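*Asks:* There's a structure below that I have some questions on.
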Amino acid sequence: MHHFLRVIKFSLRYKWSVVASVVNALLIGVLWSVSISTIYPILEISFSGHTFPDWIDHQIEEREETALTYRNEIDRSSKILEKAPDDSDALESAGRARNLLSEDEQRIKLYRSLQKNITPYLPESPFGTLTFMMSLVLILTILKGCCIITQAVLVSRISQGTIRDLRRIFFRSILSMDQLKVDKMGSSKMMTMLSHNINLVGSGLQALYCQSIREPFKMLACLIGAALISWQLLLISMIITPIGILSLWKMKQLVKTATHKHMGGVAVILQTLAETIICLKIVKIFNRERTEMKRFRNNAESLYGLCNRMNFYDAILNPLTETLGLMALAITILCGGWLVMNQETHLWGFQISDRPLTPSLMFLFFGLLAGVSGPARKLTGVYNTIVRACMASETLYDVFDRSPDIIASKSSNSSSAPLAHEIRFDDVIFTYGIMHRVLKHISFTIPKGQTVAFVGHNGCGKSTLMNLVARFYDPTAGNIYFDDVNIREFHPRSLRRQISMVTQDAFLFDGTIGDNIAYGNADATIRKVVQAADLAMVTDFIKDLPNGWETKIGDGGKRLSGGQRQRVAIARAIVGNPQILILDEATSQIDPIAETELHKRLAKYLKDRTVFMISHRTSTLELADRVIVMESGWVKDDMPAKRYLKNLPKQFIDNNNHKAA
């Protein structure tokens, strides 16, 4: 609940909409109670064949008679008290008579005011009176409907605005999150939070600012009306309230557990779907459609069961609330019916009212209680919605509250000067989790302007080294220095302004080729984009595309070949004019002829730049000045590139078929 309260506090930025919503809810509650209260004049006046003027005249006459009776009672009690000042019965009788006389005098004053100012404008026939009352009910209903519509618009603005803001915060949190945390969380869970969980929070806010405010006001207005008739009888009707509270508390535990499992089930479904779409070619080439269908069906079946369980809990609440409400109403009808039928004011020795209740007044009391049960039933559904919103807000704030570990040191100025001398790894250790040590006591120095190739078997730690240079991760132990300044002293954004990276998968965004190249430099001019494209040999295939530079390349650049995507990615890295370039199998999908030409162009571009390169292709290794051989997280060897290539077996040196070294 604590995190949902934070969401509520966050939503108060729309304070005027909240205030207007509360005002509308209050008006709805008043109109709801007044509409129900028309039961009394309809039964007491219209169905009795009277008019309002007749009824008011009758009330004045009746009250004057009772007032005279109470005055006589006061005089009688006063005479007794003169003789016996301590007579308790006389004191009680006098006090009661004075209270009732005061009430009658106030009522007479009110009725005379109505007689003078209102009755001249009211109908003078019983049917006209009934017509007037039904017209009043219709007007009240229309006004209430207008207030409901207004409140719905206001609440939508609050909830949808808060959802929009939460999505922005969530996306910003993901962008600032450390890569290790992103890897651990997984894309499917993030997508579930961004869509499903935030929608649950939005539904909770909508329920809170709509039904959770409106329905209690309706209940309160009806309870006040019922209390004015007989607060004692109202208390009797509420004796089963503790049972309802206990039932809701138990239901909360069940809904909380079911909601947690449901959110996990949605995440699994999204993960299965995403994996199948991304790897659809692999699924089809190995004829595993049935396997994937079975996996998806099993996950969908599990989610189906969870949804049914949640719907079952929702279904329980309405009958439960309706049964409890009917029990309360039945108790009240029995008690009230006995009082009316016997014209009593006491029940089991307790005073219920000052005067015997009339049938019309008792029907009004029952109507007001029925007016309470409807909103109460709606509130039980709202209860489940808010419980789910509480669970969803916990997962969201678990992300919002995570402070990134990859930050600038407090003692630094958070800026990074251009690399002037060298990059040095000093006894660097890196561990994923607790047990999986990837890098083990890595130490080497790379002078500025040197191109270093890292080779070794898969899993030996090459890519992890590149991630440390870009400060996606920080070393578990040891240090990395840029010109004798610890890398932890630099703000990641400042450091990465000097770095560009090209990876083997070469992911591109769904846009044009020009947009994807310019992505590497927010300030890139068209001239710089074209120059980068020429250097990366992108312009060689642009002319064959239907719309040239404006060709949409699709999700992930899937409308381009693998080699074309890598060329665009290289151009994107070049346009940023980096001092440090990371190439992770950057030309692995480019055909041999194009790769040879591309290497010639890159050889000129890489001069005076510090380059980290991962490759096993001898044609690419020829760009390197130096080769570092890694094995199981260690630096096994460190030598000039020419000596490494010279020592390779002849069968591996074949640029035409591009076999791995």
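Naming scheme: A, B, ... for chains in displayed order of the structure tokens; residues 1 onward per chain; ligands 1 onward as shown.
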Please return as a PyMOL selection string: the residues of segment 111-216 of chain A that backbone DSSP assigns to alpha helix (DSSP H).

*Replies:* chain A and resi 111-117+126-176+179-185+187-192+198-209+211-216

*Asks:* Tell me which protein, DNA and RNA residues are within 7 Å of segment 455-463 of chain A, counting only C-alpha atoms, leaving out same-chain ones fewer than 4 positions away, and put them as a ChimeraX atom specification.

*Replies:* /A:438-439,467,614-616,628-633

*Asks:* Using only C-alpha atoms, which residues sit within 7 Å of segment 184-198 of chain A once same-chain residues fewer than 3 positions away are excluded, as a VMD selection string?

*Replies:* chain A and resid 163 167 180 to 181 201 to 202 266 to 267 270 to 271 392 396

*Asks:* Would you work out the distance separating atom CA of Thr525 of chain A from atom CA of Ile580 of chain A, expressed in Å to one decimal?

*Replies:*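 For atom CA of Thr525 of chain A relative to atom CA of Ile580 of chain A, the distance reads 21.2 Å.
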
*Asks:* From the set A:Arg6, A:Arg402, A:Arg497, A:His599, which residue has the shortest atom-to-atom contact distance to Thr587 of chain A, counting only C-alpha atoms?

*Replies:*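 Result for the nearest residue to Thr587 of chain A: A:His599.
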
*Asks:* Using only C-alpha atoms, which of A:Thr512, A:Thr431, A:Gly161, A:Ile118 sits nearest Gly554 of chain A?

*Replies:*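 Closest to Gly554 of chain A, using only C-alpha atoms: A:Thr512.
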
*Asks:* Mind listing the strand (DSSP E or B) residues of segment 473-579 of chain A, per DSSP on the backbone, as number ranges by chain?

*Replies:* A: 477-482, 485-486, 499-502, 512, 552

*Asks:* Nearest to Val428 of chain A among A:Val182, A:Ile442, A:Val155, A:Ala90, with distances taken over only C-alpha atoms: which residue is it?

*Replies:*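 Smallest distance to Val428 of chain A is found for A:Ile442.
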
*Asks:* What's around Gln206 of chain A at 10 Å? Count only C-alpha atoms, leave out sequence neighbours fewer than 6 positions away in its own chain, and write the answer as a compact mmCIF listing (two decimals) with C-alpha atoms, in the first residue's frame.

*Replies:*
```txt
# COMPACT_ATOMS: atom_id res chain seq x y z
CA ALA A 152 -15.42 10.69 -15.32
CA LEU A 154 -11.73 14.70 -14.68
CA VAL A 155 -10.70 11.29 -13.34
CA SER A 156 -9.62 10.19 -16.81
CA ARG A 157 -7.39 13.25 -17.02
CA ILE A 158 -5.85 12.45 -13.63
CA SER A 159 -5.33 8.71 -14.21
CA GLN A 160 -4.20 8.91 -17.85
CA LEU A 200 -3.19 -1.73 -13.36
CA SER A 212 -13.73 5.40 -4.07
CA VAL A 382 -13.07 -1.18 -6.36
CA THR A 385 -8.83 -3.08 -8.28
CA ILE A 386 -6.91 -1.04 -5.72
```

*Asks:* Select, from A:Lys218, A:Phe444, A:Leu110, A:Ile169, the residue with the minimum atom-to-atom distance to Val34 of chain A, counting only C-alpha atoms.

*Replies:*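 Of A:Lys218, A:Phe444, A:Leu110, A:Ile169, the one nearest Val34 of chain A is A:Lys218, counting only C-alpha atoms.
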
*Asks:* Distance atom CA of Ser393 of chain A-atom CA of Arg168 of chain A, one decimal place?

*Replies:* 14.8 Å
